[in-house]
Amino acid sequence: MRRLLLAGVLAGAAASAWACGEALGAGTQKLAGEGWQIAWRAAPSPVPVGKHFALDIALCAPAGQPLPAALRVDATMPEHKHGMNYRPSVEPQGTGLFRADGLMFHMPGRWELVFEWRDAGGAARRLAQPLTVQ
Amino acid sequence: MKPLAALLATVALLAVAEPLPSALHDEDIPRILTFGPWPPPLQPDPSNRVWGQPAAIAFGRQLFHTPALSANGRIACASCHQAARGFSDGLPRGVGLARGDRNTLALHDLDLQRWYGWDGANDSLWAQSLRPLLDAREMGGSLASVAAAVRDTPALRQGYRAAFGTEPGADDERVAVDTAKALAAWQATLRSGRTPFDDFRDAVARGDREAAARYPAAAQRGLALFLGRGRCYTCHLGPTFSNGEFHDLGLPHFAEPGRVDPGRHGGIRKLQASRYNLLGPFNDDPAKSTATSTAHVALEHRHYGEFKVPSLRNLRPSAPYFHDGSAASLREVLRHYSALNEERLHADGEKLLVPLHLSPQETEDLLAFLDSLNDTP
């Protein structure tokens with residue numbers, strides 16, 4: 001049985017203050033930076049190697065900033081400098097909620113799950129989750 | 001008991017009371033367990049409306065062995081996919097009406113595959129089954145000639161009627177695709193059997209040290225190398241010992257002097273251009289529930305020269321090996337990995353493949369492990 005081991009750290013937000021993505025339910029992973037927060041949950045979980053999986057994602061903006069309409073999701077193996085063999089599709093599911101389909105970790109090893117978007121000023125924003133897939 | 005709890009209990013049991021044989025370590029146990037259990041149940045294919053239906057399976061077997069579908073009336077699927085050779089042909093490159101560019105792939109456990117062919121140009125077993133019928137170098141037919149053979153050969157016409165509940169109609173393309181779907185229905189039943197490795201893996205799973213110890217010591221050392229320094233499991237993973245994807249092994253890219261075989265890059269282009277992919281009109285599943293890979297596959301330059309990671313089950317009868325049939329034996333395959341030409345590998349970052357520099361003993365051990373993945377003694 002393959003397990004996704006989360007090596008990422010929760011940056012920024014204290015757990016007690018976390019409100020982003022509560023609706024995603026149990027098994028949600030969280031990351032944050034510069035006031036932005038992302039919560040995501042994989043399906044299936046744990047993520048199997050060599051099989052497709054999807055992500056339910058909640059993106060939360062800093063106070064006073066609007067949410068972007070679009071989000072990009074990708075994953076790479078930093079040491080090998082290659083990404084997935086598949087290009088995920090990301091569909092908005094309502095305010096700050098997205099569904100990403102078509103992801104696959106085709107090899108075990110160190111991966112980085114990447115979320116990218118543009119803020120209201122057009123600046124590129126990025127949060128990344130390091131993962132070890134076994 | 002939940003699966004994870006059961007796994008941990010097994011690991012704990014083995015770690016305390018039943019250590020693995022010497023070459024393997026307790027931390028190898030979780031990975032060893034991922035190579036099974038075997039055999040898995042047949043996986044339904046909703047894109048093929050006759051999948052699993054006995055009449056279609058019988059018709060598919062009949063079609064597989066008839067030469068009537070070929071342009072010259074003398075070549076059957078079974079001409080190249082010979083049961084005694086693991087449904088391969090023993091040749092470096094397949095020979096139908098003419099010599100092809102690639103080694104004839106063995107046929108087993110096809111229901112577990114995501115992509116078909118060395119370049120993955122097809123995303124279903126039925127689309128892959130249509131391809132050689134129409135390939136000028138293989139059986140050399142056309143949609144019209146295949147449909148005519150089914151309509152005009154009484155036994156095939158009867159088989160079609162039994163499988164599809166109707167006479168073959170006037171639509172050549174529909175009849176030809178149905179023919180391929182019946183071929184797929186039969187091929188999907190070709191499940192490989194249990195192997196000595198499976199007995200070992202299951203013994204490990206249940207903490208049966210005595211049974212695990214019956215697995216030959218050389219195979220255990222080979223498995224340890226497979227999981228350890230060789231890092232073979234990186235691509236050869238799961239119950240089929242394949243991640244179902246494509247990699248560049250540093251083999252020559254030329255199909256013949258002056259002509260490159262683009263491998264996966266060309267396969268994706270063919271897939272995306274095909275009317276017979278799972279996004280097309282011949283998918284019998286309105287929800288297209290198995291089309292995720294097709295919808296999301298990415299065409300990138302790095303796919304040039306990549307070829308499919310084959311299953312490692314039942315390799316013995318299907319020599320020679322590699323997409324171009326350039327390795328006459330598994331010993332030659334290991335020699336390739338041992339003395340890998342890194343100049344031919346297109347890796348920007350940390351290299352996944354490095355020369356293994358296998359000692360003679362390590363080579364014998366890996367061969368013993370690979371031999372334990374055969375379902376016949």
# chains A, B, ... in the order shown; residues from 1 in each chain; ligands from 1

$ residues_around --residues "range 291-301 of chain B" --least-positions-apart "6" --cutoff "7 Å" --atoms "only C-alpha atoms" --output "number ranges by chain"
A: 85-88, 102; B: 123, 265, 268, 278-279

$ write_last_selection --atoms "C-alpha atoms" --output "PDB file, in the first residue's frame"
ATOM      1  CA  ASN A  85       2.908  13.482 -17.560  1.00  0.00           C
ATOM      2  CA  TYR A  86      -0.540  15.034 -17.272  1.00  0.00           C
ATOM      3  CA  ARG A  87      -1.816  18.600 -17.256  1.00  0.00           C
ATOM      4  CA  PRO A  88      -4.484  19.026 -14.583  1.00  0.00           C
ATOM      5  CA  GLY A 102      -6.104  14.639 -13.847  1.00  0.00           C
TER       6      GLY A 102
ATOM      7  CA  ASP B 123      -5.919   4.430 -24.679  1.00  0.00           C
ATOM      8  CA  HIS B 265       6.016  11.911 -28.329  1.00  0.00           C
ATOM      9  CA  ILE B 268       0.609  11.180 -27.896  1.00  0.00           C
ATOM     10  CA  LEU B 278     -11.755   7.512 -25.439  1.00  0.00           C
ATOM     11  CA  LEU B 279     -12.860  11.093 -26.055  1.00  0.00           C
TER      12      LEU B 279
END

$ closest_atom_pairs --of "range 93-150 of chain B" --to "range 307-322 of chain B" --cutoff "9 Å" --atoms "only C-alpha atoms" --output "tab-separated table"
residue	atom	partner	partner_atom	distance
B:Arg93	CA	B:Pro320	CA	8.8
B:Arg102	CA	B:Phe322	CA	8.5
B:Asn103	CA	B:Phe322	CA	7.0
B:Thr104	CA	B:Ser318	CA	8.7
B:Leu105	CA	B:Ser318	CA	7.9
B:Ala106	CA	B:Ser318	CA	6.2
B:His108	CA	B:Asn314	CA	8.6
B:Asp109	CA	B:Ser311	CA	8.9
B:Trp115	CA	B:Lys308	CA	8.4
B:Tyr116	CA	B:Lys308	CA	8.6
B:Gly117	CA	B:Lys308	CA	7.5
B:Trp118	CA	B:Lys308	CA	4.9
B:Asp119	CA	B:Phe307	CA	5.5
B:Gly120	CA	B:Lys308	CA	7.0

$ write_last_selection --atoms "N, CA and C atoms" --output "PDB file, in the first residue's frame"
ATOM      1  N   ARG B  93      11.848  -7.567 -34.059  1.00  0.00           N
ATOM      2  CA  ARG B  93      10.787  -6.646 -34.476  1.00  0.00           C
ATOM      3  C   ARG B  93       9.718  -7.440 -35.214  1.00  0.00           C
ATOM      4  N   ARG B 102       9.134  -2.127 -34.184  1.00  0.00           N
ATOM      5  CA  ARG B 102       9.185  -2.407 -32.748  1.00  0.00           C
ATOM      6  C   ARG B 102       8.958  -3.880 -32.452  1.00  0.00           C
ATOM      7  N   ASN B 103       9.393  -4.239 -31.272  1.00  0.00           N
ATOM      8  CA  ASN B 103       9.216  -5.588 -30.758  1.00  0.00           C
ATOM      9  C   ASN B 103       7.721  -5.856 -30.502  1.00  0.00           C
ATOM     10  N   THR B 104       7.295  -7.065 -30.784  1.00  0.00           N
ATOM     11  CA  THR B 104       5.901  -7.438 -30.544  1.00  0.00           C
ATOM     12  C   THR B 104       5.673  -7.620 -29.046  1.00  0.00           C
ATOM     13  N   LEU B 105       4.779  -6.832 -28.509  1.00  0.00           N
ATOM     14  CA  LEU B 105       4.510  -6.893 -27.071  1.00  0.00           C
ATOM     15  C   LEU B 105       3.757  -8.165 -26.712  1.00  0.00           C
ATOM     16  N   ALA B 106       4.130  -8.760 -25.591  1.00  0.00           N
ATOM     17  CA  ALA B 106       3.391  -9.911 -25.077  1.00  0.00           C
ATOM     18  C   ALA B 106       1.996  -9.456 -24.637  1.00  0.00           C
ATOM     19  N   HIS B 108      -0.710 -10.053 -21.869  1.00  0.00           N
ATOM     20  CA  HIS B 108      -1.278 -10.558 -20.621  1.00  0.00           C
ATOM     21  C   HIS B 108      -1.564  -9.380 -19.709  1.00  0.00           C
ATOM     22  N   ASP B 109      -2.551  -9.540 -18.877  1.00  0.00           N
ATOM     23  CA  ASP B 109      -2.906  -8.507 -17.895  1.00  0.00           C
ATOM     24  C   ASP B 109      -3.214  -7.169 -18.572  1.00  0.00           C
ATOM     25  N   TRP B 115      -2.251   2.631 -21.089  1.00  0.00           N
ATOM     26  CA  TRP B 115      -1.865   2.934 -22.465  1.00  0.00           C
ATOM     27  C   TRP B 115      -1.442   1.648 -23.148  1.00  0.00           C
ATOM     28  N   TYR B 116      -1.601   1.596 -24.459  1.00  0.00           N
ATOM     29  CA  TYR B 116      -1.303   0.386 -25.209  1.00  0.00           C
ATOM     30  C   TYR B 116      -0.292   0.683 -26.309  1.00  0.00           C
ATOM     31  N   GLY B 117       0.590  -0.293 -26.517  1.00  0.00           N
ATOM     32  CA  GLY B 117       1.661  -0.120 -27.483  1.00  0.00           C
ATOM     33  C   GLY B 117       2.873   0.519 -26.822  1.00  0.00           C
ATOM     34  N   TRP B 118       4.035   0.353 -27.461  1.00  0.00           N
ATOM     35  CA  TRP B 118       5.276   0.898 -26.895  1.00  0.00           C
ATOM     36  C   TRP B 118       5.221   2.412 -26.762  1.00  0.00           C
ATOM     37  N   ASP B 119       4.417   3.069 -27.600  1.00  0.00           N
ATOM     38  CA  ASP B 119       4.329   4.528 -27.541  1.00  0.00           C
ATOM     39  C   ASP B 119       3.028   5.014 -26.913  1.00  0.00           C
ATOM     40  N   GLY B 120       2.178   4.075 -26.492  1.00  0.00           N
ATOM     41  CA  GLY B 120       0.922   4.470 -25.860  1.00  0.00           C
ATOM     42  C   GLY B 120       0.016   5.259 -26.783  1.00  0.00           C
TER      43      GLY B 120
END

$ closest_atom_pairs --of "chain B" --to "chain A" --cutoff "10 Å" --atoms "only C-alpha atoms" --output "CSV"
residue,atom,partner,partner_atom,distance
B:Pro3,CA,A:Met1,CA,8.8
B:Leu4,CA,A:Met1,CA,8.2
B:Leu7,CA,A:Met1,CA,8.5
B:Pro30,CA,A:Met1,CA,6.8
B:Arg31,CA,A:Met1,CA,7.5
B:Ile32,CA,A:Met1,CA,9.3
B:Leu33,CA,A:Met1,CA,6.8
B:Thr34,CA,A:Met1,CA,5.2
B:Phe35,CA,A:Met1,CA,8.9
B:Gly36,CA,A:Met1,CA,9.2
B:Arg114,CA,A:Lys51,CA,9.5
B:Tyr233,CA,A:Pro108,CA,8.6
B:Thr234,CA,A:Met107,CA,5.7
B:Cys235,CA,A:Met107,CA,6.3
B:His236,CA,A:Met107,CA,9.3
B:Leu237,CA,A:Gly50,CA,8.4
B:Gly238,CA,A:Val49,CA,8.5
B:Ser242,CA,A:Gly50,CA,8.7
B:Asn243,CA,A:Gly50,CA,5.3
B:Gly244,CA,A:Gly50,CA,7.1
B:Glu245,CA,A:His106,CA,7.1
B:Phe246,CA,A:Asn85,CA,9.1
B:Ala291,CA,A:Gly102,CA,9.9
B:Thr292,CA,A:Gly102,CA,6.1
B:Ser293,CA,A:Gly102,CA,6.8
B:Thr294,CA,A:Tyr86,CA,9.0
B:Ala295,CA,A:Gly102,CA,7.9
B:His296,CA,A:Tyr86,CA,5.1
B:Val297,CA,A:Tyr86,CA,4.3
B:Ala298,CA,A:Tyr86,CA,4.9
B:Leu299,CA,A:Asn85,CA,8.0
B:Glu300,CA,A:Asn85,CA,8.4
B:Arg302,CA,A:His82,CA,8.8
B:His303,CA,A:Asn85,CA,8.9
B:Ala347,CA,A:His80,CA,7.3
B:Asp348,CA,A:Lys81,CA,6.2
B:Gly349,CA,A:His80,CA,4.4
B:Glu350,CA,A:His80,CA,4.8
B:Lys351,CA,A:His80,CA,6.6
B:Leu352,CA,A:His80,CA,7.3

$ write_last_selection --atoms "C-alpha atoms" --output "short mmCIF file (atom, residue, chain, number, x, y, z; two decimals), in the first residue's frame"
data_model
loop_
_atom_site.label_atom_id
_atom_site.label_comp_id
_atom_site.auth_asym_id
_atom_site.auth_seq_id
_atom_site.Cartn_x
_atom_site.Cartn_y
_atom_site.Cartn_z
CA PRO B 3 -5.79 -2.17 6.21
CA LEU B 4 -3.15 0.18 7.59
CA LEU B 7 -0.11 -3.75 7.65
CA PRO B 30 5.74 -2.28 2.86
CA ARG B 31 7.20 -2.00 -0.62
CA ILE B 32 7.21 -5.77 -1.14
CA LEU B 33 3.53 -5.84 -0.28
CA THR B 34 2.75 -3.28 -3.01
CA PHE B 35 3.62 -5.88 -5.68
CA GLY B 36 0.46 -7.81 -4.92
CA ARG B 114 -3.64 2.61 -19.14
CA TYR B 233 10.94 -0.12 -8.35
CA THR B 234 10.88 3.60 -9.26
CA CYS B 235 9.27 2.67 -12.58
CA HIS B 236 8.56 -1.04 -12.13
CA LEU B 237 6.03 -0.70 -9.35
CA GLY B 238 2.70 -2.16 -8.29
CA SER B 242 5.05 -1.14 -14.14
CA ASN B 243 3.91 2.40 -13.50
CA GLY B 244 2.18 2.29 -16.88
CA GLU B 245 4.11 5.30 -18.12
CA PHE B 246 7.08 5.95 -20.43
CA ALA B 291 -10.95 8.97 -20.29
CA THR B 292 -9.15 10.95 -17.58
CA SER B 293 -5.69 10.10 -18.88
CA THR B 294 -6.62 10.95 -22.46
CA ALA B 295 -8.17 14.26 -21.48
CA HIS B 296 -5.14 15.36 -19.45
CA VAL B 297 -2.11 13.81 -21.13
CA ALA B 298 0.56 16.44 -21.79
CA LEU B 299 2.65 16.54 -24.97
CA GLU B 300 6.15 17.68 -24.08
CA ARG B 302 10.91 15.28 -23.13
CA HIS B 303 8.60 12.50 -24.32
CA ALA B 347 17.98 14.28 -17.91
CA ASP B 348 18.14 17.91 -16.88
CA GLY B 349 18.27 17.25 -13.18
CA GLU B 350 19.37 14.38 -10.98
CA LYS B 351 19.66 11.34 -13.17
CA LEU B 352 17.16 8.64 -12.47
#

$ select_by_dssp --residues "range 50-133 of chain A" --states "strand (DSSP E)" --output "PDB file with N, CA and C atoms, in the first residue's frame"
ATOM      1  N   HIS A  52      -4.401   8.242 -11.183  1.00  0.00           N
ATOM      2  CA  HIS A  52      -4.895   9.607 -11.159  1.00  0.00           C
ATOM      3  C   HIS A  52      -5.510   9.948  -9.806  1.00  0.00           C
ATOM      4  N   PHE A  53      -5.393  11.211  -9.462  1.00  0.00           N
ATOM      5  CA  PHE A  53      -6.098  11.704  -8.275  1.00  0.00           C
ATOM      6  C   PHE A  53      -6.588  13.119  -8.553  1.00  0.00           C
ATOM      7  N   ALA A  54      -7.503  13.559  -7.706  1.00  0.00           N
ATOM      8  CA  ALA A  54      -8.072  14.902  -7.836  1.00  0.00           C
ATOM      9  C   ALA A  54      -7.823  15.659  -6.536  1.00  0.00           C
ATOM     10  N   LEU A  55      -7.962  16.967  -6.617  1.00  0.00           N
ATOM     11  CA  LEU A  55      -7.826  17.810  -5.421  1.00  0.00           C
ATOM     12  C   LEU A  55      -9.045  18.711  -5.291  1.00  0.00           C
ATOM     13  N   ASP A  56      -9.579  18.762  -4.097  1.00  0.00           N
ATOM     14  CA  ASP A  56     -10.541  19.804  -3.742  1.00  0.00           C
ATOM     15  C   ASP A  56      -9.759  20.880  -3.004  1.00  0.00           C
ATOM     16  N   ILE A  57      -9.919  22.116  -3.458  1.00  0.00           N
ATOM     17  CA  ILE A  57      -9.043  23.191  -3.001  1.00  0.00           C
ATOM     18  C   ILE A  57      -9.875  24.384  -2.539  1.00  0.00           C
ATOM     19  N   ALA A  58      -9.463  24.966  -1.445  1.00  0.00           N
ATOM     20  CA  ALA A  58     -10.033  26.246  -1.009  1.00  0.00           C
ATOM     21  C   ALA A  58      -8.901  27.266  -0.972  1.00  0.00           C
ATOM     22  N   LEU A  59      -9.107  28.389  -1.612  1.00  0.00           N
ATOM     23  CA  LEU A  59      -8.130  29.476  -1.612  1.00  0.00           C
ATOM     24  C   LEU A  59      -8.735  30.670  -0.882  1.00  0.00           C
ATOM     25  N   CYS A  60      -8.023  31.204   0.097  1.00  0.00           N
ATOM     26  CA  CYS A  60      -8.534  32.305   0.889  1.00  0.00           C
ATOM     27  C   CYS A  60      -7.567  33.488   0.805  1.00  0.00           C
ATOM     28  N   ARG A  72      -4.106  27.830 -10.884  1.00  0.00           N
ATOM     29  CA  ARG A  72      -3.361  26.823 -11.637  1.00  0.00           C
ATOM     30  C   ARG A  72      -2.742  25.839 -10.657  1.00  0.00           C
ATOM     31  N   VAL A  73      -2.821  24.577 -10.989  1.00  0.00           N
ATOM     32  CA  VAL A  73      -2.253  23.538 -10.133  1.00  0.00           C
ATOM     33  C   VAL A  73      -1.296  22.702 -10.972  1.00  0.00           C
ATOM     34  N   ASP A  74      -0.144  22.388 -10.399  1.00  0.00           N
ATOM     35  CA  ASP A  74       0.821  21.534 -11.096  1.00  0.00           C
ATOM     36  C   ASP A  74       1.641  20.799 -10.040  1.00  0.00           C
ATOM     37  N   ALA A  75       2.463  19.880 -10.480  1.00  0.00           N
ATOM     38  CA  ALA A  75       3.356  19.178  -9.564  1.00  0.00           C
ATOM     39  C   ALA A  75       4.640  18.854 -10.308  1.00  0.00           C
ATOM     40  N   THR A  76       5.746  18.957  -9.598  1.00  0.00           N
ATOM     41  CA  THR A  76       7.045  18.676 -10.210  1.00  0.00           C
ATOM     42  C   THR A  76       7.880  17.825  -9.261  1.00  0.00           C
ATOM     43  N   MET A  77       8.904  17.177  -9.843  1.00  0.00           N
ATOM     44  CA  MET A  77       9.919  16.509  -9.033  1.00  0.00           C
ATOM     45  C   MET A  77      11.166  17.390  -9.102  1.00  0.00           C
ATOM     46  N   HIS A  82      11.503  17.488 -13.667  1.00  0.00           N
ATOM     47  CA  HIS A  82      10.391  17.214 -14.586  1.00  0.00           C
ATOM     48  C   HIS A  82       9.088  17.234 -13.808  1.00  0.00           C
ATOM     49  N   GLY A  83       8.023  17.417 -14.536  1.00  0.00           N
ATOM     50  CA  GLY A  83       6.719  17.468 -13.912  1.00  0.00           C
ATOM     51  C   GLY A  83       5.949  16.185 -14.123  1.00  0.00           C
ATOM     52  N   SER A  89      -6.693  19.825 -15.023  1.00  0.00           N
ATOM     53  CA  SER A  89      -7.702  20.847 -15.279  1.00  0.00           C
ATOM     54  C   SER A  89      -8.187  21.354 -13.920  1.00  0.00           C
ATOM     55  N   VAL A  90      -8.489  22.655 -13.850  1.00  0.00           N
ATOM     56  CA  VAL A  90      -8.959  23.240 -12.592  1.00  0.00           C
ATOM     57  C   VAL A  90     -10.254  23.977 -12.873  1.00  0.00           C
ATOM     58  N   GLU A  91     -11.296  23.581 -12.196  1.00  0.00           N
ATOM     59  CA  GLU A  91     -12.608  24.194 -12.396  1.00  0.00           C
ATOM     60  C   GLU A  91     -13.043  24.901 -11.108  1.00  0.00           C
ATOM     61  N   PRO A  92     -13.498  26.163 -11.225  1.00  0.00           N
ATOM     62  CA  PRO A  92     -14.041  26.855 -10.051  1.00  0.00           C
ATOM     63  C   PRO A  92     -15.306  26.155  -9.554  1.00  0.00           C
ATOM     64  N   GLN A  93     -15.443  26.101  -8.251  1.00  0.00           N
ATOM     65  CA  GLN A  93     -16.603  25.437  -7.647  1.00  0.00           C
ATOM     66  C   GLN A  93     -17.413  26.391  -6.763  1.00  0.00           C
ATOM     67  N   GLY A  94     -17.175  27.669  -6.925  1.00  0.00           N
ATOM     68  CA  GLY A  94     -17.822  28.637  -6.046  1.00  0.00           C
ATOM     69  C   GLY A  94     -16.744  29.508  -5.440  1.00  0.00           C
ATOM     70  N   LEU A  97     -13.342  28.244  -4.118  1.00  0.00           N
ATOM     71  CA  LEU A  97     -13.254  26.781  -4.162  1.00  0.00           C
ATOM     72  C   LEU A  97     -12.952  26.309  -5.582  1.00  0.00           C
ATOM     73  N   PHE A  98     -12.100  25.305  -5.678  1.00  0.00           N
ATOM     74  CA  PHE A  98     -11.694  24.779  -6.984  1.00  0.00           C
ATOM     75  C   PHE A  98     -11.603  23.257  -6.903  1.00  0.00           C
ATOM     76  N   ARG A  99     -11.744  22.645  -8.074  1.00  0.00           N
ATOM     77  CA  ARG A  99     -11.546  21.202  -8.188  1.00  0.00           C
ATOM     78  C   ARG A  99     -10.511  20.972  -9.283  1.00  0.00           C
ATOM     79  N   ALA A 100      -9.418  20.290  -8.925  1.00  0.00           N
ATOM     80  CA  ALA A 100      -8.373  19.952  -9.904  1.00  0.00           C
ATOM     81  C   ALA A 100      -8.458  18.470 -10.209  1.00  0.00           C
ATOM     82  N   ASP A 101      -8.489  18.136 -11.499  1.00  0.00           N
ATOM     83  CA  ASP A 101      -8.570  16.740 -11.935  1.00  0.00           C
ATOM     84  C   ASP A 101      -7.391  16.409 -12.833  1.00  0.00           C
ATOM     85  N   GLY A 102      -7.094  15.108 -12.885  1.00  0.00           N
ATOM     86  CA  GLY A 102      -6.104  14.639 -13.847  1.00  0.00           C
ATOM     87  C   GLY A 102      -4.673  14.632 -13.358  1.00  0.00           C
ATOM     88  N   LEU A 103      -4.457  14.787 -12.068  1.00  0.00           N
ATOM     89  CA  LEU A 103      -3.080  14.737 -11.554  1.00  0.00           C
ATOM     90  C   LEU A 103      -2.625  13.286 -11.422  1.00  0.00           C
ATOM     91  N   MET A 104      -1.315  13.081 -11.512  1.00  0.00           N
ATOM     92  CA  MET A 104      -0.751  11.760 -11.262  1.00  0.00           C
ATOM     93  C   MET A 104       0.728  11.884 -10.887  1.00  0.00           C
ATOM     94  N   GLY A 109       8.949   9.275  -4.814  1.00  0.00           N
ATOM     95  CA  GLY A 109      10.047  10.228  -4.611  1.00  0.00           C
ATOM     96  C   GLY A 109       9.528  11.556  -4.104  1.00  0.00           C
ATOM     97  N   ARG A 110      10.393  12.573  -4.202  1.00  0.00           N
ATOM     98  CA  ARG A 110      10.035  13.898  -3.695  1.00  0.00           C
ATOM     99  C   ARG A 110       9.322  14.701  -4.788  1.00  0.00           C
ATOM    100  N   TRP A 111       8.131  15.113  -4.486  1.00  0.00           N
ATOM    101  CA  TRP A 111       7.334  15.938  -5.389  1.00  0.00           C
ATOM    102  C   TRP A 111       7.045  17.270  -4.715  1.00  0.00           C
ATOM    103  N   GLU A 112       6.658  18.236  -5.529  1.00  0.00           N
ATOM    104  CA  GLU A 112       6.216  19.521  -5.012  1.00  0.00           C
ATOM    105  C   GLU A 112       4.896  19.860  -5.699  1.00  0.00           C
ATOM    106  N   LEU A 113       3.882  19.994  -4.895  1.00  0.00           N
ATOM    107  CA  LEU A 113       2.564  20.368  -5.398  1.00  0.00           C
ATOM    108  C   LEU A 113       2.489  21.898  -5.419  1.00  0.00           C
ATOM    109  N   VAL A 114       2.186  22.459  -6.576  1.00  0.00           N
ATOM    110  CA  VAL A 114       2.302  23.912  -6.764  1.00  0.00           C
ATOM    111  C   VAL A 114       0.935  24.524  -7.081  1.00  0.00           C
ATOM    112  N   PHE A 115       0.621  25.594  -6.381  1.00  0.00           N
ATOM    113  CA  PHE A 115      -0.614  26.355  -6.632  1.00  0.00           C
ATOM    114  C   PHE A 115      -0.205  27.768  -7.060  1.00  0.00           C
ATOM    115  N   GLU A 116      -0.740  28.237  -8.163  1.00  0.00           N
ATOM    116  CA  GLU A 116      -0.374  29.557  -8.674  1.00  0.00           C
ATOM    117  C   GLU A 116      -1.627  30.325  -9.092  1.00  0.00           C
ATOM    118  N   TRP A 117      -1.608  31.630  -8.852  1.00  0.00           N
ATOM    119  CA  TRP A 117      -2.719  32.491  -9.242  1.00  0.00           C
ATOM    120  C   TRP A 117      -2.215  33.921  -9.326  1.00  0.00           C
ATOM    121  N   ARG A 118      -3.067  34.801  -9.749  1.00  0.00           N
ATOM    122  CA  ARG A 118      -2.712  36.218  -9.802  1.00  0.00           C
ATOM    123  C   ARG A 118      -3.635  36.986  -8.864  1.00  0.00           C
ATOM    124  N   ALA A 124       1.883  37.702  -9.698  1.00  0.00           N
ATOM    125  CA  ALA A 124       1.840  36.235  -9.614  1.00  0.00           C
ATOM    126  C   ALA A 124       2.034  35.800  -8.168  1.00  0.00           C
ATOM    127  N   ARG A 125       1.194  34.919  -7.739  1.00  0.00           N
ATOM    128  CA  ARG A 125       1.260  34.374  -6.383  1.00  0.00           C
ATOM    129  C   ARG A 125       1.473  32.867  -6.480  1.00  0.00           C
ATOM    130  N   ARG A 126       2.156  32.318  -5.472  1.00  0.00           N
ATOM    131  CA  ARG A 126       2.500  30.894  -5.535  1.00  0.00           C
ATOM    132  C   ARG A 126       2.636  30.321  -4.136  1.00  0.00           C
ATOM    133  N   LEU A 127       2.056  29.178  -3.925  1.00  0.00           N
ATOM    134  CA  LEU A 127       2.300  28.404  -2.719  1.00  0.00           C
ATOM    135  C   LEU A 127       2.624  26.977  -3.142  1.00  0.00           C
ATOM    136  N   ALA A 128       3.562  26.364  -2.465  1.00  0.00           N
ATOM    137  CA  ALA A 128       3.992  25.025  -2.866  1.00  0.00           C
ATOM    138  C   ALA A 128       4.062  24.111  -1.654  1.00  0.00           C
ATOM    139  N   GLN A 129       3.668  22.890  -1.864  1.00  0.00           N
ATOM    140  CA  GLN A 129       3.640  21.881  -0.807  1.00  0.00           C
ATOM    141  C   GLN A 129       4.617  20.765  -1.151  1.00  0.00           C
ATOM    142  N   PRO A 130       5.731  20.635  -0.430  1.00  0.00           N
ATOM    143  CA  PRO A 130       6.609  19.492  -0.676  1.00  0.00           C
ATOM    144  C   PRO A 130       5.988  18.209  -0.144  1.00  0.00           C
ATOM    145  N   LEU A 131       6.150  17.156  -0.909  1.00  0.00           N
ATOM    146  CA  LEU A 131       5.567  15.860  -0.552  1.00  0.00           C
ATOM    147  C   LEU A 131       6.588  14.767  -0.833  1.00  0.00           C
ATOM    148  N   THR A 132       6.564  13.750  -0.029  1.00  0.00           N
ATOM    149  CA  THR A 132       7.339  12.560  -0.335  1.00  0.00           C
ATOM    150  C   THR A 132       6.368  11.418  -0.608  1.00  0.00           C
ATOM    151  N   VAL A 133       6.415  10.909  -1.808  1.00  0.00           N
ATOM    152  CA  VAL A 133       5.492   9.851  -2.233  1.00  0.00           C
ATOM    153  C   VAL A 133       6.251   8.537  -2.229  1.00  0.00           C
TER     154      VAL A 133
END

$ residues_around --residues "Arg191 in chain B" --least-positions-apart "3" --cutoff "12 Å" --atoms "only C-alpha atoms" --output "list in words"
Trp38, Pro39, Pro40, Pro41, Leu42, Gln43, Gly86, Phe87, Ala106, Leu107, His108, Asp109, Leu110, Asp111, Leu112, Trp186, Gln187, Ala188, Arg194, Thr240, Arg313, Asn314 and Asp375 of chain B

$ atom_distance --atom1 "CA of Arg275 in chain B" --atom2 "CA of Met139 in chain B"
19.8 Å

$ residues_around --residues "Pro168 in chain B" --least-positions-apart "4" --cutoff "9 Å" --atoms "only C-alpha atoms" --output "list in words"
Ala147, Val150, Arg151, Arg157, Tyr160, Arg161, Phe164, Asp172, Arg174 and Val175 of chain B
